[in-house]
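Structure file my_file_7.cif; described as mmCIF, C-alpha atoms.
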data_upload
loop_
_atom_site.label_atom_id
_atom_site.label_comp_id
_atom_site.auth_asym_id
_atom_site.auth_seq_id
_atom_site.Cartn_x
_atom_site.Cartn_y
_atom_site.Cartn_z
CA MET A 1 5.65 -23.14 -9.00
CA GLN A 2 2.28 -21.79 -10.03
CA ARG A 3 0.71 -18.54 -11.02
CA LEU A 4 -1.92 -17.50 -8.52
CA ARG A 5 -5.40 -17.60 -9.96
CA GLU A 6 -7.39 -14.57 -8.97
CA ARG A 7 -10.57 -16.62 -8.96
CA GLY A 8 -8.95 -19.22 -6.74
CA ARG A 9 -9.41 -17.16 -3.60
CA THR A 10 -8.20 -20.02 -1.45
CA ASP A 11 -4.71 -20.01 -2.98
CA ARG A 12 -4.26 -16.34 -2.27
CA ASP A 13 -5.85 -16.52 1.18
CA ASP A 14 -3.50 -19.35 2.14
CA LEU A 15 -0.51 -17.44 0.81
CA TYR A 16 -1.40 -14.29 2.74
CA ALA A 17 -2.07 -16.30 5.91
CA VAL A 18 1.35 -17.98 5.79
CA LEU A 19 3.15 -14.72 5.01
CA ASP A 20 1.28 -12.70 7.64
CA ALA A 21 2.11 -15.20 10.38
CA GLY A 22 5.87 -14.93 9.81
CA LEU A 23 8.70 -12.78 11.08
CA VAL A 24 11.70 -13.86 9.01
CA CYS A 25 11.82 -14.70 5.32
CA HIS A 26 14.69 -16.23 3.37
CA LEU A 27 15.59 -14.25 0.26
CA GLY A 28 17.33 -16.15 -2.53
CA VAL A 29 19.15 -14.24 -5.23
CA VAL A 30 21.79 -15.21 -7.77
CA ILE A 31 25.07 -13.31 -7.38
CA ASP A 32 27.82 -14.05 -9.92
CA GLY A 33 26.05 -17.29 -10.83
CA THR A 34 25.91 -18.49 -7.23
CA PRO A 35 22.72 -18.69 -5.16
CA VAL A 36 22.78 -16.66 -1.94
CA VAL A 37 20.11 -17.18 0.72
CA LEU A 38 19.87 -14.61 3.50
CA PRO A 39 17.31 -14.10 6.27
CA THR A 40 15.57 -10.75 6.53
CA GLY A 41 12.45 -9.05 7.85
CA TYR A 42 9.46 -8.28 5.69
CA GLY A 43 5.94 -6.98 5.53
CA ARG A 44 3.00 -7.13 3.15
CA ILE A 45 0.71 -4.49 1.67
CA ASP A 46 -2.06 -6.09 -0.36
CA GLY A 47 -0.43 -7.98 -3.23
CA THR A 48 3.11 -6.73 -2.64
CA LEU A 49 5.78 -8.08 -0.32
CA PHE A 50 8.33 -5.65 1.08
CA LEU A 51 11.71 -6.81 2.34
CA HIS A 52 13.86 -4.73 4.60
CA GLY A 53 17.40 -5.23 5.69
CA SER A 54 20.58 -3.47 6.60
CA SER A 55 22.72 -2.02 3.85
CA ALA A 56 25.14 -4.86 4.73
CA ASN A 57 22.58 -7.33 3.35
CA ARG A 58 24.17 -7.77 -0.06
CA ALA A 59 21.42 -10.11 -1.25
CA LEU A 60 18.92 -7.29 -0.78
CA LEU A 61 20.93 -4.82 -2.84
CA ALA A 62 21.89 -7.37 -5.51
CA ALA A 63 18.24 -8.33 -5.97
CA ASP A 64 17.21 -5.06 -7.63
CA GLY A 65 15.78 -5.90 -11.05
CA GLN A 66 16.60 -9.59 -10.61
CA GLU A 67 14.55 -12.77 -10.39
CA VAL A 68 14.38 -13.72 -6.72
CA CYS A 69 12.76 -16.33 -4.53
CA VAL A 70 11.39 -15.48 -1.10
CA THR A 71 10.44 -18.29 1.25
CA VAL A 72 8.63 -18.15 4.58
CA THR A 73 8.48 -21.35 6.63
CA HIS A 74 6.67 -22.13 9.87
CA LEU A 75 7.63 -25.30 11.67
CA ASP A 76 4.45 -26.54 13.40
CA GLY A 77 5.54 -29.93 14.64
CA LEU A 78 7.90 -32.88 14.48
CA VAL A 79 6.15 -35.84 12.87
CA VAL A 80 7.44 -38.91 14.70
CA ALA A 81 6.62 -42.09 12.78
CA ARG A 82 7.15 -45.75 13.63
CA ALA A 83 9.53 -46.02 10.67
CA VAL A 84 12.56 -43.76 10.31
CA PHE A 85 11.62 -43.43 6.65
CA HIS A 86 8.30 -41.74 7.47
CA HIS A 87 9.57 -39.12 9.90
CA SER A 88 8.55 -35.68 8.72
CA MET A 89 7.58 -32.21 9.85
CA ASN A 90 4.30 -30.40 10.05
CA TYR A 91 4.86 -27.04 8.45
CA ARG A 92 3.45 -24.22 6.41
CA SER A 93 5.61 -22.69 3.70
CA ALA A 94 5.16 -20.00 1.09
CA VAL A 95 7.60 -19.80 -1.82
CA VAL A 96 7.29 -16.63 -3.86
CA PHE A 97 8.96 -16.02 -7.23
CA GLY A 98 9.30 -12.74 -9.09
CA THR A 99 11.38 -9.77 -10.12
CA ALA A 100 12.38 -7.61 -7.18
CA ARG A 101 12.73 -3.83 -7.23
CA LEU A 102 14.41 -1.49 -4.77
CA VAL A 103 11.77 0.99 -3.63
CA THR A 104 12.87 4.54 -4.44
CA GLY A 105 9.90 6.80 -3.70
CA ASP A 106 9.76 8.27 -0.17
CA ALA A 107 6.03 7.67 0.25
CA GLU A 108 6.19 4.02 -0.80
CA ARG A 109 9.30 3.51 1.29
CA LEU A 110 7.56 4.94 4.37
CA ALA A 111 4.49 2.76 3.80
CA ALA A 112 6.73 -0.29 3.35
CA LEU A 113 8.65 0.46 6.54
CA ARG A 114 5.39 0.73 8.39
CA ALA A 115 4.32 -2.68 7.08
CA VAL A 116 7.69 -4.23 8.00
CA THR A 117 7.60 -2.70 11.50
CA GLU A 118 4.00 -3.76 12.14
CA GLN A 119 4.81 -7.27 10.94
CA LEU A 120 7.53 -7.46 13.61
CA VAL A 121 5.60 -5.83 16.45
CA PRO A 122 1.94 -5.02 15.76
CA GLY A 123 1.06 -1.57 17.10
CA ARG A 124 4.67 -0.42 17.20
CA TRP A 125 4.40 2.25 14.51
CA GLU A 126 2.16 4.40 16.75
CA HIS A 127 4.57 4.14 19.69
CA ALA A 128 8.06 4.53 18.25
CA ARG A 129 9.88 7.56 17.00
CA LEU A 130 9.17 7.69 13.26
CA PRO A 131 11.93 7.80 10.63
CA THR A 132 13.57 11.09 9.74
CA ARG A 133 14.10 12.01 6.11
CA LYS A 134 17.75 11.04 6.53
CA GLU A 135 16.92 7.64 8.04
CA LEU A 136 14.41 7.00 5.29
CA ALA A 137 17.07 7.66 2.66
CA ALA A 138 19.45 5.24 4.40
CA THR A 139 16.92 2.39 4.37
CA ALA A 140 16.97 -0.33 1.74
CA VAL A 141 13.52 -1.71 0.90
CA LEU A 142 12.85 -4.30 -1.78
CA SER A 143 9.41 -4.90 -3.32
CA LEU A 144 8.17 -8.15 -4.82
CA PRO A 145 4.77 -8.68 -6.46
CA LEU A 146 2.82 -11.62 -5.04
CA ALA A 147 1.91 -13.04 -8.44
CA GLU A 148 3.68 -16.38 -8.60
CA ALA A 149 3.81 -18.51 -5.50
CA SER A 150 3.50 -21.98 -4.03
CA VAL A 151 2.00 -22.72 -0.62
CA LYS A 152 2.49 -26.03 1.12
CA ILE A 153 0.89 -27.12 4.36
CA ARG A 154 1.34 -30.43 6.18
CA THR A 155 -0.74 -31.22 9.24
CA GLY A 156 -1.78 -34.31 11.15
CA PRO A 157 -0.26 -37.53 12.46
CA PRO A 158 2.46 -39.61 10.77
CA LYS A 159 1.63 -41.92 7.89
CA ASP A 160 3.33 -45.26 8.40
CA ASP A 161 3.29 -48.38 6.26
CA PRO A 162 0.27 -50.62 7.02
CA GLU A 163 2.36 -53.39 8.61
CA ASP A 164 4.11 -50.97 10.99
CA TYR A 165 0.82 -50.05 12.72
CA ASP A 166 1.01 -53.44 14.44
CA SER A 167 4.17 -52.43 16.27
CA ASP A 168 4.41 -50.92 19.75
CA ILE A 169 6.77 -48.16 18.64
CA TRP A 170 5.52 -44.78 19.85
CA ALA A 171 4.38 -42.43 17.10
CA GLY A 172 2.78 -39.04 17.10
CA VAL A 173 3.42 -35.35 16.71
CA LEU A 174 5.50 -33.06 18.87
CA PRO A 175 3.91 -29.63 18.35
CA ALA A 176 6.31 -26.73 17.83
CA ALA A 177 5.75 -23.00 17.82
CA LEU A 178 7.80 -19.84 18.02
CA THR A 179 6.98 -18.46 21.46
CA PHE A 180 7.74 -15.10 23.03
CA GLY A 181 9.05 -14.82 26.57
CA ASP A 182 8.72 -11.96 29.03
CA PRO A 183 9.93 -8.60 27.68
CA LEU A 184 13.45 -7.57 28.73
CA PRO A 185 13.45 -3.79 29.19
CA ASP A 186 16.47 -1.95 27.80
CA PRO A 187 18.85 -1.39 30.77
CA ALA A 188 19.00 2.27 29.67
CA LEU A 189 15.22 2.70 29.97
CA HIS A 190 14.10 5.65 32.13
CA ALA A 191 12.80 4.64 35.55
CA GLY A 192 9.03 4.44 35.55
CA VAL A 193 8.55 3.66 31.86
CA GLY A 194 6.07 0.77 31.93
CA THR A 195 5.72 -1.99 29.37
CA PRO A 196 3.14 -0.81 26.80
CA GLY A 197 0.16 -2.97 25.87
CA HIS A 198 1.35 -3.84 22.38
CA ILE A 199 4.48 -5.41 23.91
CA ARG A 200 2.62 -7.14 26.76
CA ASP A 201 0.20 -8.58 24.18
CA LEU A 202 3.02 -10.53 22.53
CA ALA A 203 4.70 -11.86 25.68
CA GLY A 204 4.01 -15.50 26.47
CA HIS A 205 2.16 -16.02 23.21
CA ALA A 206 3.03 -18.33 20.38
CA ARG A 207 3.29 -16.64 17.04
CA ALA A 208 2.57 -19.68 14.93
CA GLY A 209 -0.90 -21.17 15.11
CA ASP A 210 -1.40 -24.26 17.23
CA ARG A 211 -4.27 -25.22 14.97
CA TYR A 212 -1.82 -26.37 12.32
CA VAL A 213 -0.44 -29.21 14.41
CA MET B 1 31.37 -15.15 2.52
CA GLN B 2 34.57 -16.49 3.96
CA ARG B 3 36.59 -19.65 3.85
CA LEU B 4 36.75 -21.22 7.30
CA ARG B 5 40.21 -21.14 8.77
CA GLU B 6 41.11 -24.40 10.41
CA ARG B 7 43.22 -22.53 12.96
CA GLY B 8 40.32 -20.21 13.71
CA ARG B 9 38.57 -22.77 15.88
CA THR B 10 36.01 -20.22 16.98
CA ASP B 11 34.62 -19.78 13.48
CA ARG B 12 34.03 -23.48 13.07
CA ASP B 13 32.69 -23.92 16.61
CA ASP B 14 30.18 -21.12 16.05
CA LEU B 15 29.14 -22.63 12.72
CA TYR B 16 28.59 -26.08 14.20
CA ALA B 17 26.70 -24.64 17.18
CA VAL B 18 24.26 -22.74 14.94
CA LEU B 19 23.76 -25.72 12.63
CA ASP B 20 23.35 -28.25 15.45
CA ALA B 21 20.67 -26.14 17.15
CA GLY B 22 18.42 -26.08 14.07
CA LEU B 23 15.68 -28.21 12.59
CA VAL B 24 14.96 -26.64 9.22
CA CYS B 25 17.43 -25.24 6.71
CA HIS B 26 16.69 -23.25 3.56
CA LEU B 27 18.38 -24.66 0.47
CA GLY B 28 18.99 -22.25 -2.38
CA VAL B 29 19.76 -23.60 -5.83
CA VAL B 30 19.63 -22.07 -9.30
CA ILE B 31 17.18 -23.80 -11.65
CA ASP B 32 16.98 -22.50 -15.23
CA GLY B 33 18.68 -19.30 -14.10
CA THR B 34 16.13 -18.67 -11.33
CA PRO B 35 16.91 -18.99 -7.62
CA VAL B 36 14.72 -21.49 -5.77
CA VAL B 37 14.68 -21.55 -1.96
CA LEU B 38 13.05 -24.54 -0.26
CA PRO B 39 12.92 -25.64 3.39
CA THR B 40 14.18 -29.08 4.29
CA GLY B 41 15.55 -31.14 7.16
CA TYR B 42 19.24 -31.76 7.65
CA GLY B 43 21.92 -33.25 9.83
CA ARG B 44 25.67 -32.91 10.27
CA ILE B 45 28.49 -35.44 10.47
CA ASP B 46 31.78 -33.73 11.28
CA GLY B 47 32.53 -31.33 8.43
CA THR B 48 29.70 -32.42 6.14
CA LEU B 49 26.10 -31.27 6.05
CA PHE B 50 23.46 -33.73 4.85
CA LEU B 51 20.10 -32.55 3.51
CA HIS B 52 17.13 -34.79 3.25
CA GLY B 53 13.82 -34.25 1.56
CA SER B 54 11.05 -35.89 -0.33
CA SER B 55 11.58 -36.78 -3.96
CA ALA B 56 9.08 -33.96 -4.63
CA ASN B 57 11.70 -31.49 -3.40
CA ARG B 58 12.96 -30.42 -6.80
CA ALA B 59 15.60 -28.12 -5.35
CA LEU B 60 17.20 -31.13 -3.68
CA LEU B 61 17.40 -33.13 -6.88
CA ALA B 62 18.46 -30.17 -9.02
CA ALA B 63 21.29 -29.38 -6.61
CA ASP B 64 23.41 -32.41 -7.52
CA GLY B 65 26.79 -31.14 -8.73
CA GLN B 66 25.64 -27.52 -8.45
CA GLU B 67 26.72 -24.55 -6.38
CA VAL B 68 24.19 -24.18 -3.58
CA CYS B 69 23.62 -22.06 -0.51
CA VAL B 70 22.20 -23.51 2.69
CA THR B 71 21.04 -21.16 5.41
CA VAL B 72 19.96 -21.93 8.97
CA THR B 73 18.43 -19.10 10.99
CA HIS B 74 17.37 -18.95 14.63
CA LEU B 75 15.21 -16.03 15.70
CA ASP B 76 16.15 -15.28 19.32
CA GLY B 77 14.30 -12.04 19.92
CA LEU B 78 12.56 -8.96 18.60
CA VAL B 79 14.73 -5.91 19.20
CA VAL B 80 12.34 -3.09 20.00
CA ALA B 81 14.06 0.30 19.76
CA ARG B 82 12.87 3.81 20.54
CA ALA B 83 13.26 4.70 16.86
CA VAL B 84 11.52 2.70 14.12
CA PHE B 85 14.80 2.89 12.21
CA HIS B 86 16.68 0.89 14.87
CA HIS B 87 14.23 -1.99 15.22
CA SER B 88 15.98 -5.26 14.61
CA MET B 89 16.08 -8.93 15.54
CA ASN B 90 18.38 -10.96 17.73
CA TYR B 91 19.33 -13.99 15.70
CA ARG B 92 21.95 -16.57 14.83
CA SER B 93 22.43 -17.51 11.21
CA ALA B 94 24.76 -19.79 9.31
CA VAL B 95 25.11 -19.38 5.55
CA VAL B 96 27.00 -22.21 3.86
CA PHE B 97 28.22 -22.20 0.26
CA GLY B 98 29.53 -25.11 -1.77
CA THR B 99 28.97 -27.75 -4.40
CA ALA B 100 26.31 -30.27 -3.41
CA ARG B 101 26.36 -33.97 -4.28
CA LEU B 102 23.59 -36.56 -4.12
CA VAL B 103 24.80 -39.33 -1.84
CA THR B 104 24.84 -42.64 -3.72
CA GLY B 105 26.57 -45.15 -1.44
CA ASP B 106 24.28 -47.15 0.86
CA ALA B 107 26.57 -46.87 3.89
CA GLU B 108 26.94 -43.09 3.59
CA ARG B 109 23.22 -42.72 2.92
CA LEU B 110 22.38 -44.71 6.06
CA ALA B 111 24.80 -42.67 8.16
CA ALA B 112 23.34 -39.46 6.73
CA LEU B 113 19.77 -40.57 7.46
CA ARG B 114 20.79 -41.33 11.01
CA ALA B 115 22.24 -37.82 11.37
CA VAL B 116 19.11 -36.23 9.87
CA THR B 117 16.81 -38.28 12.11
CA GLU B 118 18.83 -37.57 15.26
CA GLN B 119 18.87 -33.86 14.39
CA LEU B 120 15.06 -33.90 14.34
CA VAL B 121 14.50 -36.07 17.43
CA PRO B 122 17.64 -36.99 19.42
CA GLY B 123 17.53 -40.64 20.44
CA ARG B 124 15.00 -41.57 17.77
CA TRP B 125 17.26 -43.83 15.71
CA GLU B 126 17.38 -46.41 18.51
CA HIS B 127 13.60 -46.46 18.87
CA ALA B 128 12.20 -46.41 15.35
CA ARG B 129 12.00 -49.10 12.71
CA LEU B 130 15.14 -48.68 10.63
CA PRO B 131 15.07 -48.20 6.84
CA THR B 132 14.77 -51.21 4.58
CA ARG B 133 17.01 -51.53 1.55
CA LYS B 134 14.09 -50.39 -0.59
CA GLU B 135 13.38 -47.34 1.57
CA LEU B 136 17.04 -46.44 1.55
CA ALA B 137 17.08 -46.53 -2.24
CA ALA B 138 14.03 -44.26 -2.36
CA THR B 139 15.61 -41.61 -0.15
CA ALA B 140 17.26 -38.51 -1.60
CA VAL B 141 20.19 -37.25 0.45
CA LEU B 142 22.40 -34.34 -0.53
CA SER B 143 25.85 -33.72 0.94
CA LEU B 144 27.57 -30.37 1.27
CA PRO B 145 31.10 -29.81 2.64
CA LEU B 146 31.28 -27.26 5.45
CA ALA B 147 34.23 -25.42 3.96
CA GLU B 148 32.89 -21.98 3.10
CA ALA B 149 30.46 -20.34 5.49
CA SER B 150 29.43 -17.18 7.24
CA VAL B 151 28.03 -17.05 10.77
CA LYS B 152 26.24 -14.00 12.13
CA ILE B 153 25.00 -13.54 15.68
CA ARG B 154 23.21 -10.51 17.12
CA THR B 155 22.46 -10.35 20.83
CA GLY B 156 21.64 -7.67 23.36
CA PRO B 157 19.44 -4.60 23.70
CA PRO B 158 18.58 -2.11 20.94
CA LYS B 159 21.05 0.55 19.92
CA ASP B 160 19.27 3.88 19.57
CA ASP B 161 20.61 7.29 18.59
CA PRO B 162 22.06 9.18 21.60
CA GLU B 163 19.29 11.81 21.62
CA ASP B 164 16.53 9.18 21.67
CA TYR B 165 17.66 7.80 25.04
CA ASP B 166 16.10 10.89 26.63
CA SER B 167 12.65 9.82 25.50
CA ASP B 168 10.12 7.81 27.50
CA ILE B 169 9.44 5.39 24.63
CA TRP B 170 9.67 1.80 25.83
CA ALA B 171 12.57 -0.16 24.37
CA GLY B 172 13.92 -3.63 24.99
CA VAL B 173 13.97 -7.15 23.69
CA LEU B 174 11.12 -9.62 23.37
CA PRO B 175 12.83 -13.03 23.61
CA ALA B 176 11.69 -15.65 21.10
CA ALA B 177 12.33 -19.37 20.89
CA LEU B 178 10.96 -22.38 19.11
CA THR B 179 9.19 -24.31 21.84
CA PHE B 180 7.75 -27.82 21.88
CA GLY B 181 4.35 -28.56 23.38
CA ASP B 182 3.04 -31.78 24.85
CA PRO B 183 3.35 -34.80 22.54
CA LEU B 184 0.20 -35.75 20.62
CA PRO B 185 0.11 -39.54 20.34
CA ASP B 186 -0.91 -40.95 16.97
CA PRO B 187 -4.64 -41.81 17.24
CA ALA B 188 -3.74 -45.25 15.82
CA LEU B 189 -1.26 -45.96 18.62
CA HIS B 190 -1.80 -49.25 20.47
CA ALA B 191 -3.36 -48.87 23.92
CA GLY B 192 -0.72 -48.92 26.60
CA VAL B 193 2.17 -47.61 24.50
CA GLY B 194 3.65 -44.93 26.74
CA THR B 195 5.53 -41.83 25.67
CA PRO B 196 9.26 -42.75 25.55
CA GLY B 197 11.89 -40.70 27.34
CA HIS B 198 13.45 -39.21 24.21
CA ILE B 199 10.07 -37.70 23.31
CA ARG B 200 9.25 -36.55 26.85
CA ASP B 201 12.68 -34.89 27.00
CA LEU B 202 11.74 -32.54 24.17
CA ALA B 203 8.25 -31.61 25.35
CA GLY B 204 7.94 -28.20 26.95
CA HIS B 205 11.51 -27.29 26.09
CA ALA B 206 12.75 -24.53 23.90
CA ARG B 207 15.06 -25.66 21.13
CA ALA B 208 16.86 -22.37 20.66
CA GLY B 209 19.11 -21.13 23.45
CA ASP B 210 17.77 -18.47 25.77
CA ARG B 211 21.32 -17.32 26.38
CA TYR B 212 21.39 -15.64 22.99
CA VAL B 213 18.75 -13.08 23.89
#

What would the structure in this file look like if it were written as structure tokens?
Amino acid sequence: MQRLRERGRTDRDDLYAVLDAGLVCHLGVVIDGTPVVLPTGYGRIDGTLFLHGSSANRALLAADGQEVCVTVTHLDGLVVARAVFHHSMNYRSAVVFGTARLVTGDAERLAALRAVTEQLVPGRWEHARLPTRKELAATAVLSLPLAEASVKIRTGPPKDDPEDYDSDIWAGVLPAALTFGDPLPDPALHAGVGTPGHIRDLAGHARAGDRYV
Amino acid sequence: MQRLRERGRTDRDDLYAVLDAGLVCHLGVVIDGTPVVLPTGYGRIDGTLFLHGSSANRALLAADGQEVCVTVTHLDGLVVARAVFHHSMNYRSAVVFGTARLVTGDAERLAALRAVTEQLVPGRWEHARLPTRKELAATAVLSLPLAEASVKIRTGPPKDDPEDYDSDIWAGVLPAALTFGDPLPDPALHAGVGTPGHIRDLAGHARAGDRYV
């Protein structure tokens, strides 16, 4: 757990890179003394993280004014060592600590929803039907300042004990990435509505970076 | 949050299916009143979940004897609706609550490590160099009974408001899955060591089930 140094640009750049590459975060909040960890969508505007979930997401609602922890993890590979003991994963993770606040202002809520939507599907905001005043009021958005965070990144081959390198046991990395398949049009879609570019751009592509293997 | 009913076989089957399909869980534990959420590997033996991490994983060590929450989430698709408000994700998640215990017995620790290793790479236990007594002693393993859990699964196309179905905005699902690439042999591997079957079996395959789209 460390406070981000403003002069340490690398810390903050790494944090933003890990957060911006993700789709799901895990929000941890204490409810009646018990930790609750729930997955939810999110987006970032500058130094603030915005979490968005259904009103059934009790962690989101309980988090208002509370200390929370938000973690984003990318699995980049299975690290297969010669020794069981040295098996590991290549991953990037960001663990953010801070006091969360439910966003109440309409303008901030709209900006947050835009960030959350664009995080999910870049370019979507310009294509979809925007929220009505009523929908905006029914949306729960949590904000969290990106002031205290820890970023961890593991890359590269396994690290075995010196004597195990003499063995003929296979070792290496099995790269992993979240990958999108071909879009499945809604069965109720009007005939002749083609797949827009911002959807085609995602199909077949891996979201996580192969360069972290 | 619900206690699993033994007679409700479906609940438990769903829970095991979600857990068994995963590679990374998020462990939530309260440390000094603050929730901490850290990613780690895990495995399952019958009705017990075993978590394994480095000794640098402070959440793992702090969890001994404490109430914890362990969450496994699979992202199966981006749900792209006509309205921004109805954007969502297809996913499967398991949220497990209970009191965690550090595993102290050598036999249980070995069995747990086997489960954790096989969860990561099925078939690996038979191929790798097994833990020495010293390595076993240096390994932190946490156990958690699978008694209280919540499983959530969303599948299928977006659900828009009735009036939005008249629009020509594209809607549908972009399927997502964690996919393995070609194995990268350790540069230090002896010449002539071929890729074993249990590694080849994983390459090119998606870990998460396409049937949940």

If we count all atoms listed in the file and set the cut-off at 9 Å, which residues sit around A:Tyr16, ignoring sequence neighbours fewer than 3 positions away in its own chain? Please answer as a tab-separated table (two decimals) with C-alpha atoms, in the coordinates of the input.
chain	number	residue	atom	x	y	z
A	11	ASP	CA	-4.71	-20.01	-2.98
A	12	ARG	CA	-4.26	-16.34	-2.27
A	13	ASP	CA	-5.85	-16.52	1.18
A	19	LEU	CA	3.15	-14.72	5.01
A	20	ASP	CA	1.28	-12.70	7.64
A	21	ALA	CA	2.11	-15.20	10.38
A	44	ARG	CA	3.00	-7.13	3.15
A	46	ASP	CA	-2.06	-6.09	-0.36
A	47	GLY	CA	-0.43	-7.98	-3.23
A	94	ALA	CA	5.16	-20.00	1.09

_Of the listed residues A:Thr99, A:Thr73, A:Thr48, A:Gln119, that which approaches chain B most closely, counting all atoms listed in the file_ = A:Thr73

*Could you spell out the hits of the PyMOL selection byres ((chain A) within 7 of (chain B)) on the shown file, as an NGL selection string?*
:A and (28-30 or 34-39 or 67-71 or 73 or 82-85 or 128-131 or 135 or 157 or 168-186 or 189-190 or 193 or 195)

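Atom CA of B:Gly43 sits 17.4 Å away from atom CA of B:Asp64.
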
*Could you please determine the separation between atom CA of B:Pro145 and atom CA of B:Asp14 in Å, to one decimal place?*
16.0 Å

*Interatomic distance between atom CA of A:Ala112 and atom CA of A:Ala140?*
10.4 Å

*Which one of B:His52, B:Arg101, B:Thr155, B:Asp106 sits closest to B:Lys134 if you count only C-alpha atoms?*
B:Asp106
